[in-house]
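K.L.:
This one is start-v4.pdb, PDB, C-alpha atoms, pLDDT in the B column.
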```
ATOM      1  CA  MET A 551     -20.950 -46.707  -9.205  1.00 54.00           C
ATOM      2  CA  LYS A 552     -21.886 -44.431  -6.314  1.00 47.00           C
ATOM      3  CA  LYS A 553     -18.208 -43.903  -5.553  1.00 49.00           C
ATOM      4  CA  SER A 554     -17.558 -42.917  -9.177  1.00 50.00           C
ATOM      5  CA  LEU A 555     -20.448 -40.457  -9.141  1.00 44.00           C
ATOM      6  CA  PHE A 556     -19.183 -38.986  -5.868  1.00 42.00           C
ATOM      7  CA  ILE A 557     -15.693 -38.478  -7.321  1.00 45.00           C
ATOM      8  CA  LEU A 558     -17.160 -36.938 -10.478  1.00 41.00           C
ATOM      9  CA  SER A 559     -19.298 -34.539  -8.440  1.00 46.00           C
ATOM     10  CA  ILE A 560     -16.257 -33.415  -6.436  1.00 41.00           C
ATOM     11  CA  ALA A 561     -14.227 -32.935  -9.613  1.00 45.00           C
ATOM     12  CA  PHE A 562     -17.082 -30.932 -11.156  1.00 42.00           C
ATOM     13  CA  SER A 563     -17.407 -28.760  -8.059  1.00 44.00           C
ATOM     14  CA  LEU A 564     -13.670 -28.091  -8.019  1.00 40.00           C
ATOM     15  CA  SER A 565     -13.657 -27.184 -11.700  1.00 45.00           C
ATOM     16  CA  ILE A 566     -16.554 -24.753 -11.136  1.00 40.00           C
ATOM     17  CA  SER A 567     -14.712 -23.208  -8.167  1.00 41.00           C
ATOM     18  CA  CYS A 568     -11.551 -22.799 -10.220  1.00 42.00           C
ATOM     19  CA  VAL A 569     -13.508 -21.104 -12.994  1.00 42.00           C
ATOM     20  CA  GLN A 570     -15.125 -18.767 -10.471  1.00 39.00           C
ATOM     21  CA  ILE A 571     -11.741 -17.891  -8.947  1.00 35.00           C
ATOM     22  CA  ARG A 572     -10.316 -17.143 -12.386  1.00 41.00           C
ATOM     23  CA  CYS A 573     -13.329 -14.973 -13.187  1.00 38.00           C
ATOM     24  CA  ILE A 574     -12.944 -13.021  -9.949  1.00 38.00           C
ATOM     25  CA  ALA A 575      -9.241 -12.514 -10.652  1.00 43.00           C
ATOM     26  CA  LYS A 576     -10.059 -11.310 -14.168  1.00 46.00           C
ATOM     27  CA  GLU A 577     -12.700  -8.920 -12.809  1.00 46.00           C
ATOM     28  CA  ASP A 578     -10.191  -7.468 -10.332  1.00 55.00           C
ATOM     29  CA  THR A 579      -7.568  -7.030 -13.045  1.00 64.00           C
ATOM     30  CA  SER A 580     -10.106  -5.500 -15.386  1.00 73.00           C
ATOM     31  CA  LEU A 581     -11.256  -3.064 -12.713  1.00 80.00           C
ATOM     32  CA  CYS A 582      -7.695  -1.964 -11.991  1.00 89.00           C
ATOM     33  CA  ASN A 583      -7.020  -1.511 -15.694  1.00 87.00           C
ATOM     34  CA  LYS A 584      -9.967   0.888 -15.900  1.00 86.00           C
ATOM     35  CA  MET A 585      -8.529   3.131 -13.168  1.00 89.00           C
ATOM     36  CA  GLN A 586      -6.432   5.444 -15.299  1.00 91.00           C
ATOM     37  CA  ILE A 587      -5.369   7.406 -12.226  1.00 94.00           C
ATOM     38  CA  LEU A 588      -3.095   4.482 -11.313  1.00 96.00           C
ATOM     39  CA  ASP A 589      -1.056   5.158 -14.468  1.00 95.00           C
ATOM     40  CA  SER A 590      -0.473   8.701 -13.181  1.00 96.00           C
ATOM     41  CA  ILE A 591       1.379   7.617 -10.030  1.00 97.00           C
ATOM     42  CA  LYS A 592       4.702   8.056 -11.830  1.00 96.00           C
ATOM     43  CA  TYR A 593       3.872  11.751 -12.345  1.00 96.00           C
ATOM     44  CA  ILE A 594       3.294  12.555  -8.659  1.00 95.00           C
ATOM     45  CA  TYR A 595       5.395  15.515  -7.504  1.00 91.00           C
ATOM     46  CA  GLY A 596       4.197  15.953  -3.910  1.00 91.00           C
ATOM     47  CA  LEU A 597       3.428  13.257  -1.324  1.00 90.00           C
ATOM     48  CA  PRO A 598       0.994  13.702   1.592  1.00 89.00           C
ATOM     49  CA  ALA A 599       2.275  15.893   4.424  1.00 82.00           C
ATOM     50  CA  GLU A 600       1.611  15.032   8.073  1.00 73.00           C
ATOM     51  CA  HIS A 601       1.696  18.655   9.249  1.00 71.00           C
ATOM     52  CA  LYS A 602       0.361  21.891   7.847  1.00 70.00           C
ATOM     53  CA  PHE A 603       3.254  24.307   7.549  1.00 58.00           C
ATOM     54  CA  SER A 604       2.956  28.033   7.937  1.00 46.00           C
ATOM     55  CA  LEU A 605       2.424  29.773   4.613  1.00 44.00           C
ATOM     56  CA  TYR A 606       5.370  32.028   5.439  1.00 43.00           C
ATOM     57  CA  GLU A 607       7.748  29.152   6.213  1.00 49.00           C
ATOM     58  CA  ILE A 608       7.338  26.762   3.297  1.00 47.00           C
ATOM     59  CA  PRO A 609       4.682  28.108   0.907  1.00 48.00           C
ATOM     60  CA  GLU A 610       5.328  25.454  -1.752  1.00 54.00           C
ATOM     61  CA  GLU A 611       4.388  22.735   0.758  1.00 49.00           C
ATOM     62  CA  GLU A 612       1.054  24.259   1.771  1.00 51.00           C
ATOM     63  CA  ASP A 613      -1.022  22.434  -0.812  1.00 70.00           C
ATOM     64  CA  MET A 614       0.514  19.090   0.116  1.00 82.00           C
ATOM     65  CA  TYR A 615      -1.368  18.907   3.436  1.00 83.00           C
ATOM     66  CA  PRO A 616      -2.814  16.459   4.160  1.00 86.00           C
ATOM     67  CA  TYR A 617      -3.261  14.438   0.951  1.00 89.00           C
ATOM     68  CA  GLY A 618      -0.405  15.504  -1.305  1.00 91.00           C
ATOM     69  CA  ASP A 619      -0.632  16.830  -4.859  1.00 93.00           C
ATOM     70  CA  SER A 620      -3.668  16.637  -7.144  1.00 93.00           C
ATOM     71  CA  ILE A 621      -2.909  13.063  -8.231  1.00 95.00           C
ATOM     72  CA  CYS A 622      -2.494  11.871  -4.637  1.00 95.00           C
ATOM     73  CA  ARG A 623      -5.741  13.547  -3.625  1.00 94.00           C
ATOM     74  CA  LYS A 624      -7.648  11.849  -6.430  1.00 94.00           C
ATOM     75  CA  ILE A 625      -6.236   8.447  -5.465  1.00 95.00           C
ATOM     76  CA  ILE A 626      -7.052   8.931  -1.772  1.00 93.00           C
ATOM     77  CA  LEU A 627     -10.343  10.823  -1.928  1.00 92.00           C
ATOM     78  CA  GLU A 628     -12.093  10.082  -5.209  1.00 91.00           C
ATOM     79  CA  HIS A 629     -12.103   6.279  -5.257  1.00 88.00           C
ATOM     80  CA  GLY A 630     -13.727   3.653  -3.082  1.00 87.00           C
ATOM     81  CA  ASN A 631     -12.418   0.416  -1.611  1.00 88.00           C
ATOM     82  CA  GLU A 632     -11.826  -1.056  -5.055  1.00 90.00           C
ATOM     83  CA  ILE A 633      -8.646   0.998  -5.500  1.00 93.00           C
ATOM     84  CA  ILE A 634      -6.953  -0.517  -2.406  1.00 93.00           C
ATOM     85  CA  PRO A 635      -6.093  -3.959  -3.885  1.00 94.00           C
ATOM     86  CA  CYS A 636      -5.054  -2.197  -7.114  1.00 96.00           C
ATOM     87  CA  LEU A 637      -2.671   0.030  -5.182  1.00 96.00           C
ATOM     88  CA  ILE A 638      -1.311  -3.025  -3.370  1.00 96.00           C
ATOM     89  CA  GLU A 639      -0.554  -4.544  -6.786  1.00 96.00           C
ATOM     90  CA  LYS A 640       1.492  -1.432  -7.590  1.00 96.00           C
ATOM     91  CA  ILE A 641       4.003  -2.441  -4.892  1.00 96.00           C
ATOM     92  CA  LYS A 642       5.453  -4.728  -7.588  1.00 96.00           C
ATOM     93  CA  ASP A 643       5.871  -1.868 -10.074  1.00 97.00           C
ATOM     94  CA  THR A 644       9.466  -0.586 -10.170  1.00 95.00           C
ATOM     95  CA  THR A 645       8.838   2.058 -12.858  1.00 96.00           C
ATOM     96  CA  ALA A 646      10.700   5.269 -11.985  1.00 95.00           C
ATOM     97  CA  SER A 647       8.553   8.286 -11.101  1.00 96.00           C
ATOM     98  CA  ALA A 648       9.183  11.991 -11.645  1.00 94.00           C
ATOM     99  CA  MET A 649       9.786  12.583  -7.943  1.00 93.00           C
ATOM    100  CA  VAL A 650      13.318  12.767  -6.554  1.00 92.00           C
ATOM    101  CA  PHE A 651      14.067  10.381  -3.696  1.00 90.00           C
ATOM    102  CA  ILE A 652      17.727  11.267  -3.098  1.00 89.00           C
ATOM    103  CA  GLU A 653      19.847  14.060  -4.551  1.00 91.00           C
ATOM    104  CA  TRP A 654      23.473  12.951  -4.865  1.00 90.00           C
ATOM    105  CA  ASP A 655      26.362  15.347  -4.287  1.00 87.00           C
ATOM    106  CA  ASP A 656      27.565  14.796  -7.849  1.00 85.00           C
ATOM    107  CA  GLY A 657      24.311  16.210  -9.204  1.00 83.00           C
ATOM    108  CA  GLY A 658      22.712  12.876  -9.984  1.00 91.00           C
ATOM    109  CA  ASN A 659      19.297  11.929  -8.629  1.00 93.00           C
ATOM    110  CA  LEU A 660      17.635   8.741  -7.408  1.00 93.00           C
ATOM    111  CA  TYR A 661      13.900   8.731  -8.082  1.00 94.00           C
ATOM    112  CA  PHE A 662      10.969   7.190  -6.238  1.00 94.00           C
ATOM    113  CA  THR A 663       9.522   4.207  -8.041  1.00 96.00           C
ATOM    114  CA  VAL A 664       5.794   3.626  -8.446  1.00 97.00           C
ATOM    115  CA  SER A 665       6.252   0.906  -5.823  1.00 96.00           C
ATOM    116  CA  ASP A 666       7.720   3.364  -3.297  1.00 94.00           C
ATOM    117  CA  ILE A 667       4.860   5.822  -3.773  1.00 95.00           C
ATOM    118  CA  ALA A 668       2.219   3.071  -3.534  1.00 96.00           C
ATOM    119  CA  ILE A 669       3.690   1.956  -0.196  1.00 93.00           C
ATOM    120  CA  ILE A 670       3.559   5.518   1.145  1.00 91.00           C
ATOM    121  CA  LEU A 671       0.019   6.220  -0.117  1.00 94.00           C
ATOM    122  CA  LEU A 672      -1.598   2.985   1.051  1.00 93.00           C
ATOM    123  CA  PRO A 673      -2.092   3.976   4.719  1.00 90.00           C
ATOM    124  CA  TYR A 674      -3.930   7.156   3.645  1.00 91.00           C
ATOM    125  CA  VAL A 675      -6.157   5.298   1.181  1.00 91.00           C
ATOM    126  CA  VAL A 676      -6.961   2.498   3.625  1.00 90.00           C
ATOM    127  CA  LYS A 677      -7.834   4.887   6.449  1.00 88.00           C
ATOM    128  CA  LYS A 678     -10.043   6.986   4.181  1.00 87.00           C
ATOM    129  CA  ASN A 679     -11.943   4.088   2.650  1.00 84.00           C
ATOM    130  CA  LEU A 680     -12.054   1.476   5.413  1.00 83.00           C
ATOM    131  CA  LYS A 681     -12.081   3.783   8.463  1.00 78.00           C
ATOM    132  CA  ILE A 682      -9.022   1.953   9.782  1.00 79.00           C
ATOM    133  CA  GLU A 683      -5.325   2.666   9.474  1.00 79.00           C
ATOM    134  CA  MET A 684      -2.714   0.469   7.865  1.00 83.00           C
ATOM    135  CA  ASP A 685       0.286   0.551  10.169  1.00 82.00           C
ATOM    136  CA  ILE A 686       2.811   0.335   7.344  1.00 83.00           C
ATOM    137  CA  THR A 687       5.739   0.704   9.746  1.00 79.00           C
ATOM    138  CA  GLY A 688       4.444  -2.162  11.859  1.00 80.00           C
ATOM    139  CA  LEU A 689       4.149  -4.429   8.811  1.00 86.00           C
ATOM    140  CA  LEU A 690       7.619  -3.407   7.671  1.00 85.00           C
ATOM    141  CA  VAL A 691       9.110  -4.057  11.113  1.00 78.00           C
ATOM    142  CA  ASP A 692       7.347  -7.416  11.454  1.00 81.00           C
ATOM    143  CA  GLU A 693       8.632  -8.577   8.079  1.00 85.00           C
ATOM    144  CA  PHE A 694      12.188  -7.241   8.129  1.00 85.00           C
ATOM    145  CA  PHE A 695      13.148  -5.813  11.541  1.00 75.00           C
ATOM    146  CA  TYR A 696      11.100  -7.762  14.064  1.00 63.00           C
ATOM    147  CA  GLU A 697      13.740  -7.497  16.786  1.00 57.00           C
ATOM    148  CA  GLU A 698      13.622  -3.692  16.691  1.00 52.00           C
ATOM    149  CA  VAL A 699      10.351  -3.439  18.596  1.00 50.00           C
ATOM    150  CA  ASN A 700      10.621   0.276  19.352  1.00 50.00           C
ATOM    151  CA  GLU A 701      10.550   1.108  15.649  1.00 45.00           C
ATOM    152  CA  ARG A 702       6.876   0.267  15.486  1.00 46.00           C
ATOM    153  CA  CYS A 703       5.984   3.333  17.563  1.00 47.00           C
ATOM    154  CA  TYR A 704       7.214   5.779  14.937  1.00 44.00           C
ATOM    155  CA  GLY A 705       5.796   6.919  11.621  1.00 44.00           C
ATOM    156  CA  PHE A 706       6.928   5.530   8.312  1.00 49.00           C
ATOM    157  CA  VAL A 707      10.689   6.152   8.190  1.00 57.00           C
ATOM    158  CA  LEU A 708      12.363   6.649   4.816  1.00 67.00           C
ATOM    159  CA  GLU A 709      15.643   5.386   6.237  1.00 72.00           C
ATOM    160  CA  ARG A 710      14.045   1.984   6.759  1.00 77.00           C
ATOM    161  CA  HIS A 711      12.504   2.202   3.312  1.00 85.00           C
ATOM    162  CA  LYS A 712      15.949   2.779   1.787  1.00 88.00           C
ATOM    163  CA  ASP A 713      17.480  -0.085   3.753  1.00 87.00           C
ATOM    164  CA  VAL A 714      14.945  -2.601   2.482  1.00 90.00           C
ATOM    165  CA  PHE A 715      13.793  -1.401  -0.939  1.00 92.00           C
ATOM    166  CA  VAL A 716      16.592   0.755  -2.338  1.00 91.00           C
ATOM    167  CA  PHE A 717      20.043  -0.303  -1.163  1.00 90.00           C
ATOM    168  CA  SER A 718      19.502  -3.946  -0.222  1.00 90.00           C
ATOM    169  CA  LYS A 719      21.068  -6.597  -2.454  1.00 92.00           C
ATOM    170  CA  ASP A 720      17.594  -8.176  -2.619  1.00 94.00           C
ATOM    171  CA  ILE A 721      15.687  -5.045  -3.645  1.00 93.00           C
ATOM    172  CA  TYR A 722      13.008  -6.614  -5.847  1.00 95.00           C
ATOM    173  CA  LYS A 723      12.809  -9.767  -3.755  1.00 96.00           C
ATOM    174  CA  ASN A 724      12.077  -7.570  -0.733  1.00 96.00           C
ATOM    175  CA  ARG A 725       9.361  -5.695  -2.612  1.00 96.00           C
ATOM    176  CA  ILE A 726       7.621  -8.960  -3.486  1.00 97.00           C
ATOM    177  CA  ARG A 727       8.025 -10.185   0.067  1.00 96.00           C
ATOM    178  CA  PHE A 728       6.445  -6.977   1.377  1.00 96.00           C
ATOM    179  CA  TYR A 729       3.728  -7.100  -1.280  1.00 97.00           C
ATOM    180  CA  ASN A 730       2.734 -10.560  -0.009  1.00 97.00           C
ATOM    181  CA  ARG A 731       2.758  -9.306   3.584  1.00 95.00           C
ATOM    182  CA  VAL A 732       0.517  -6.323   2.790  1.00 95.00           C
ATOM    183  CA  LYS A 733      -1.823  -8.454   0.703  1.00 95.00           C
ATOM    184  CA  ARG A 734      -2.262 -10.911   3.585  1.00 94.00           C
ATOM    185  CA  TRP A 735      -2.931  -7.973   5.914  1.00 91.00           C
ATOM    186  CA  TYR A 736      -5.585  -6.583   3.595  1.00 90.00           C
ATOM    187  CA  GLU A 737      -7.369  -9.896   3.071  1.00 90.00           C
ATOM    188  CA  LYS A 738      -7.503 -10.388   6.825  1.00 87.00           C
ATOM    189  CA  GLU A 739      -8.525  -6.867   7.844  1.00 83.00           C
ATOM    190  CA  LYS A 740     -10.556  -5.451   4.956  1.00 81.00           C
ATOM    191  CA  ASP A 741     -13.896  -6.259   6.584  1.00 77.00           C
ATOM    192  CA  ASN A 742     -12.861  -5.328  10.115  1.00 70.00           C
ATOM    193  CA  TRP A 743     -14.102  -2.194  11.816  1.00 58.00           C
ATOM    194  CA  TYR A 744     -12.322  -2.766  15.110  1.00 49.00           C
ATOM    195  CA  PHE A 745      -8.578  -2.436  14.657  1.00 44.00           C
ATOM    196  CA  ASP A 746      -5.432  -1.630  16.607  1.00 41.00           C
ATOM    197  CA  THR A 747      -4.042   1.395  14.783  1.00 42.00           C
ATOM    198  CA  GLU A 748      -0.999   2.004  16.943  1.00 42.00           C
ATOM    199  CA  ARG A 749       0.685  -1.385  17.433  1.00 42.00           C
ATOM    200  CA  CYS A 750       2.659   0.054  20.383  1.00 41.00           C
ATOM    201  CA  GLU A 751       2.768  -1.485  23.838  1.00 43.00           C
ATOM    202  CA  GLY A 752      -0.172  -0.291  25.900  1.00 42.00           C
ATOM    203  CA  ALA A 753      -1.978   1.244  22.916  1.00 39.00           C
ATOM    204  CA  GLU A 754      -5.747   1.394  23.238  1.00 39.00           C
ATOM    205  CA  TYR A 755      -8.094  -0.187  20.727  1.00 34.00           C
ATOM    206  CA  TYR A 756     -10.663   2.200  19.385  1.00 34.00           C
ATOM    207  CA  ARG A 757     -13.101   2.787  16.588  1.00 34.00           C
ATOM    208  CA  LEU A 758     -12.516   5.432  13.952  1.00 35.00           C
ATOM    209  CA  HIS A 759     -15.726   7.296  13.213  1.00 33.00           C
ATOM    210  CA  ASP A 760     -16.787   9.340  10.193  1.00 33.00           C
TER     211      ASP A 760
END
```
Taking this structure as input, can you express it in the form of structure tokens?

P.N.:
Amino acid sequence: MKKSLFILSIAFSLSISCVQIRCIAKEDTSLCNKMQILDSIKYIYGLPAEHKFSLYEIPEEEDMYPYGDSICRKIILEHGNEIIPCLIEKIKDTTASAMVFIEWDDGGNLYFTVSDIAIILLPYVVKKNLKIEMDITGLLVDEFFYEEVNERCYGFVLERHKDVFVFSKDIYKNRIRFYNRVKRWYEKEKDNWYFDTERCEGAEYYRLHD
């Protein structure tokens, strides 16, 4: 009798846990659905720029520093931590955007997908909201090019992006694989304040302050 009650109590506890997990998942999905800015990713026309160009050299790029166009800035600056897992989910979205990725010689264009833009924006959003950086190149190297250690000391390289997500025979499979990698990274690091932002040999660990 006691054994039966024990088994029933475990089964009840597990069923409650499963219900709670489903509720949390629904809450996350519902929250992401309410963020209409995420639907605007496909309309982005200017990604964040790492350097501020001289107004006389490239005036059209001036407003892109450091957070990109108006949509990028809203995604990075006007939302809290709740947008990070939603942006990670967008890695699975292969909807074409309005932004040209490659201009072919024959006049045809290849466009960024929502997935591509989400991958590029994530490090900016994470750093702004969690005070740590997501080393997207390091995650990419670890997952697909682990033997090329030196690559992890450079910024995000579009050539690598094309190799894995655009011209590979396993394009979508690679996106899902990378999505899982980034999601594991986020679940592990989201509450951490102390984080290695460089991932290069000999890099110092430090705190990022406000």

K.L.:
Padding 8 Å on each side, edges along x, y and z: where is the centre of the box around the listed atoms of range 682-694 of chain A, and how long are its edges in Å to one decimal? Output it as lines of an AutoDock Vina configuration file.

P.N.:
```
center_x = 1.6
center_y = -3.0
center_z = 9.6
size_x = 37.2
size_y = 27.2
size_z = 20.5
```

K.L.:
Rank nothing, just name the residue among A:Asn724, A:Asn742, A:Ser590, A:Thr645 nearest to Cys622 in chain A, using all atoms listed in the file.

P.N.:
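Looking only at the distances to Cys622 in chain A, the closest residue turns out to be A:Ser590.
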
K.L.:
At what distance in Å, to one decimal, does CA of Arg710 in chain A lie from CA of Ala668 in chain A?

P.N.:
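Computing it gives 15.7 Å between the two atoms.
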
K.L.:
So how many Å separate CA of Glu628 in chain A and CA of Lys678 in chain A, to one decimal?

P.N.:
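Calculated distance between CA of Glu628 in chain A and CA of Lys678 in chain A is 10.1 Å.
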
K.L.:
Identify, on the basis of only C-alpha atoms, every residue whose closest approach to Met684 in chain A does not exceed 7 Å; exclude the query and any residue fewer than 5 positions from it along the same chain; express the result as JSON, numbers by chain.

P.N.:
{"A": [673, 676, 677]}

K.L.:
Separation of CA of Arg623 in chain A and CA of Pro598 in chain A, in Å?

P.N.:
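Computing the Euclidean distance for CA of Arg623 in chain A and CA of Pro598 in chain A yields 8.5 Å.
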
K.L.:
Hey, which of A:Leu680, A:Met649, A:Ala599, A:Lys740 ends up closest to Gly630 in chain A? Count all atoms listed in the file.

P.N.:
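Of A:Leu680, A:Met649, A:Ala599, A:Lys740, the one nearest Gly630 in chain A, counting all atoms listed in the file, is A:Leu680.
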
K.L.:
Using all atoms listed in the file for the distances, tell me which of A:Tyr722, A:Trp654, A:Phe728, A:Phe662 is nearest to Thr687 in chain A.

P.N.:
A:Phe728

K.L.:
For the structure shown, which residues end up in the PyMOL selection byres ((chain A and resi 634) around 10)? Put them as a list in words, please?

P.N.:
Cys582, Ile625, Ile626, His629, Gly630, Asn631, Glu632, Ile633, Pro635, Cys636, Leu637, Ile638, Glu639, Lys640, Ala668, Leu671, Leu672, Pro673, Val675, Val676, Asn679, Leu680, Lys733, Tyr736 and Lys740 of chain A

K.L.:
Using C-alpha atoms, give me range 629-712 of chain A from the structure I just pasted, as a PDB file, in the first residue's frame.

P.N.:
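The new file decode.pdb reads:
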```pdb
ATOM      1  CA  HIS A 629      13.735  45.809 -24.784  1.00  0.00           C
ATOM      2  CA  GLY A 630      14.945  43.930 -21.740  1.00  0.00           C
ATOM      3  CA  ASN A 631      16.270  40.409 -21.296  1.00  0.00           C
ATOM      4  CA  GLU A 632      12.985  38.894 -22.431  1.00  0.00           C
ATOM      5  CA  ILE A 633      13.790  39.628 -26.084  1.00  0.00           C
ATOM      6  CA  ILE A 634      17.003  37.528 -26.042  1.00  0.00           C
ATOM      7  CA  PRO A 635      15.379  34.045 -26.095  1.00  0.00           C
ATOM      8  CA  CYS A 636      12.880  35.362 -28.669  1.00  0.00           C
ATOM      9  CA  LEU A 637      15.720  36.503 -30.905  1.00  0.00           C
ATOM     10  CA  ILE A 638      17.408  33.124 -30.457  1.00  0.00           C
ATOM     11  CA  GLU A 639      14.191  31.504 -31.713  1.00  0.00           C
ATOM     12  CA  LYS A 640      14.469  33.649 -34.850  1.00  0.00           C
ATOM     13  CA  ILE A 641      17.620  31.723 -35.833  1.00  0.00           C
ATOM     14  CA  LYS A 642      15.181  29.118 -37.198  1.00  0.00           C
ATOM     15  CA  ASP A 643      13.354  31.669 -39.363  1.00  0.00           C
ATOM     16  CA  THR A 644      14.504  31.525 -43.001  1.00  0.00           C
ATOM     17  CA  THR A 645      12.147  34.268 -44.237  1.00  0.00           C
ATOM     18  CA  ALA A 646      13.969  36.538 -46.699  1.00  0.00           C
ATOM     19  CA  SER A 647      14.592  40.118 -45.563  1.00  0.00           C
ATOM     20  CA  ALA A 648      14.781  43.334 -47.573  1.00  0.00           C
ATOM     21  CA  MET A 649      18.540  43.583 -47.101  1.00  0.00           C
ATOM     22  CA  VAL A 650      20.922  42.411 -49.820  1.00  0.00           C
ATOM     23  CA  PHE A 651      23.511  39.859 -48.725  1.00  0.00           C
ATOM     24  CA  ILE A 652      25.281  39.309 -52.057  1.00  0.00           C
ATOM     25  CA  GLU A 653      24.923  41.144 -55.361  1.00  0.00           C
ATOM     26  CA  TRP A 654      25.543  38.773 -58.271  1.00  0.00           C
ATOM     27  CA  ASP A 655      27.277  39.912 -61.453  1.00  0.00           C
ATOM     28  CA  ASP A 656      24.189  39.028 -63.483  1.00  0.00           C
ATOM     29  CA  GLY A 657      22.144  41.577 -61.548  1.00  0.00           C
ATOM     30  CA  GLY A 658      20.470  39.093 -59.244  1.00  0.00           C
ATOM     31  CA  ASN A 659      20.610  39.455 -55.470  1.00  0.00           C
ATOM     32  CA  LEU A 660      20.828  37.089 -52.509  1.00  0.00           C
ATOM     33  CA  TYR A 661      19.087  38.481 -49.438  1.00  0.00           C
ATOM     34  CA  PHE A 662      19.749  38.102 -45.726  1.00  0.00           C
ATOM     35  CA  THR A 663      17.201  35.908 -44.010  1.00  0.00           C
ATOM     36  CA  VAL A 664      15.637  36.762 -40.661  1.00  0.00           C
ATOM     37  CA  SER A 665      17.872  34.014 -39.270  1.00  0.00           C
ATOM     38  CA  ASP A 666      21.036  35.697 -40.587  1.00  0.00           C
ATOM     39  CA  ILE A 667      20.083  39.050 -39.073  1.00  0.00           C
ATOM     40  CA  ALA A 668      19.146  37.474 -35.722  1.00  0.00           C
ATOM     41  CA  ILE A 669      22.579  35.822 -35.544  1.00  0.00           C
ATOM     42  CA  ILE A 670      24.305  39.150 -36.220  1.00  0.00           C
ATOM     43  CA  LEU A 671      22.165  41.143 -33.759  1.00  0.00           C
ATOM     44  CA  LEU A 672      22.341  38.717 -30.838  1.00  0.00           C
ATOM     45  CA  PRO A 673      25.799  39.744 -29.550  1.00  0.00           C
ATOM     46  CA  TYR A 674      24.685  43.401 -29.379  1.00  0.00           C
ATOM     47  CA  VAL A 675      21.439  42.555 -27.580  1.00  0.00           C
ATOM     48  CA  VAL A 676      23.121  40.203 -25.110  1.00  0.00           C
ATOM     49  CA  LYS A 677      25.866  42.687 -24.246  1.00  0.00           C
ATOM     50  CA  LYS A 678      23.363  45.504 -23.765  1.00  0.00           C
ATOM     51  CA  ASN A 679      20.950  43.552 -21.592  1.00  0.00           C
ATOM     52  CA  LEU A 680      23.164  41.111 -19.692  1.00  0.00           C
ATOM     53  CA  LYS A 681      26.361  43.199 -19.470  1.00  0.00           C
ATOM     54  CA  ILE A 682      28.256  40.336 -21.101  1.00  0.00           C
ATOM     55  CA  GLU A 683      29.156  39.630 -24.702  1.00  0.00           C
ATOM     56  CA  MET A 684      28.100  36.654 -26.766  1.00  0.00           C
ATOM     57  CA  ASP A 685      31.175  35.568 -28.684  1.00  0.00           C
ATOM     58  CA  ILE A 686      29.221  34.488 -31.753  1.00  0.00           C
ATOM     59  CA  THR A 687      32.407  33.692 -33.674  1.00  0.00           C
ATOM     60  CA  GLY A 688      33.622  31.469 -30.857  1.00  0.00           C
ATOM     61  CA  LEU A 689      30.337  29.538 -30.809  1.00  0.00           C
ATOM     62  CA  LEU A 690      30.428  29.221 -34.587  1.00  0.00           C
ATOM     63  CA  VAL A 691      34.030  27.992 -34.553  1.00  0.00           C
ATOM     64  CA  ASP A 692      33.364  25.522 -31.730  1.00  0.00           C
ATOM     65  CA  GLU A 693      30.391  24.037 -33.561  1.00  0.00           C
ATOM     66  CA  PHE A 694      31.675  23.955 -37.136  1.00  0.00           C
ATOM     67  CA  PHE A 695      35.383  24.852 -37.362  1.00  0.00           C
ATOM     68  CA  TYR A 696      36.891  23.752 -34.064  1.00  0.00           C
ATOM     69  CA  GLU A 697      40.280  22.960 -35.592  1.00  0.00           C
ATOM     70  CA  GLU A 698      40.686  26.537 -36.832  1.00  0.00           C
ATOM     71  CA  VAL A 699      41.556  27.948 -33.419  1.00  0.00           C
ATOM     72  CA  ASN A 700      42.868  31.280 -34.692  1.00  0.00           C
ATOM     73  CA  GLU A 701      39.463  32.156 -36.124  1.00  0.00           C
ATOM     74  CA  ARG A 702      38.107  32.744 -32.653  1.00  0.00           C
ATOM     75  CA  CYS A 703      40.234  35.878 -32.249  1.00  0.00           C
ATOM     76  CA  TYR A 704      38.457  37.745 -35.032  1.00  0.00           C
ATOM     77  CA  GLY A 705      35.063  39.400 -35.257  1.00  0.00           C
ATOM     78  CA  PHE A 706      32.076  37.759 -36.854  1.00  0.00           C
ATOM     79  CA  VAL A 707      33.158  36.941 -40.418  1.00  0.00           C
ATOM     80  CA  LEU A 708      30.533  36.851 -43.163  1.00  0.00           C
ATOM     81  CA  GLU A 709      32.668  34.430 -45.151  1.00  0.00           C
ATOM     82  CA  ARG A 710      32.216  31.855 -42.400  1.00  0.00           C
ATOM     83  CA  HIS A 711      28.532  32.703 -42.243  1.00  0.00           C
ATOM     84  CA  LYS A 712      28.189  31.990 -45.971  1.00  0.00           C
TER      85      LYS A 712
END
```
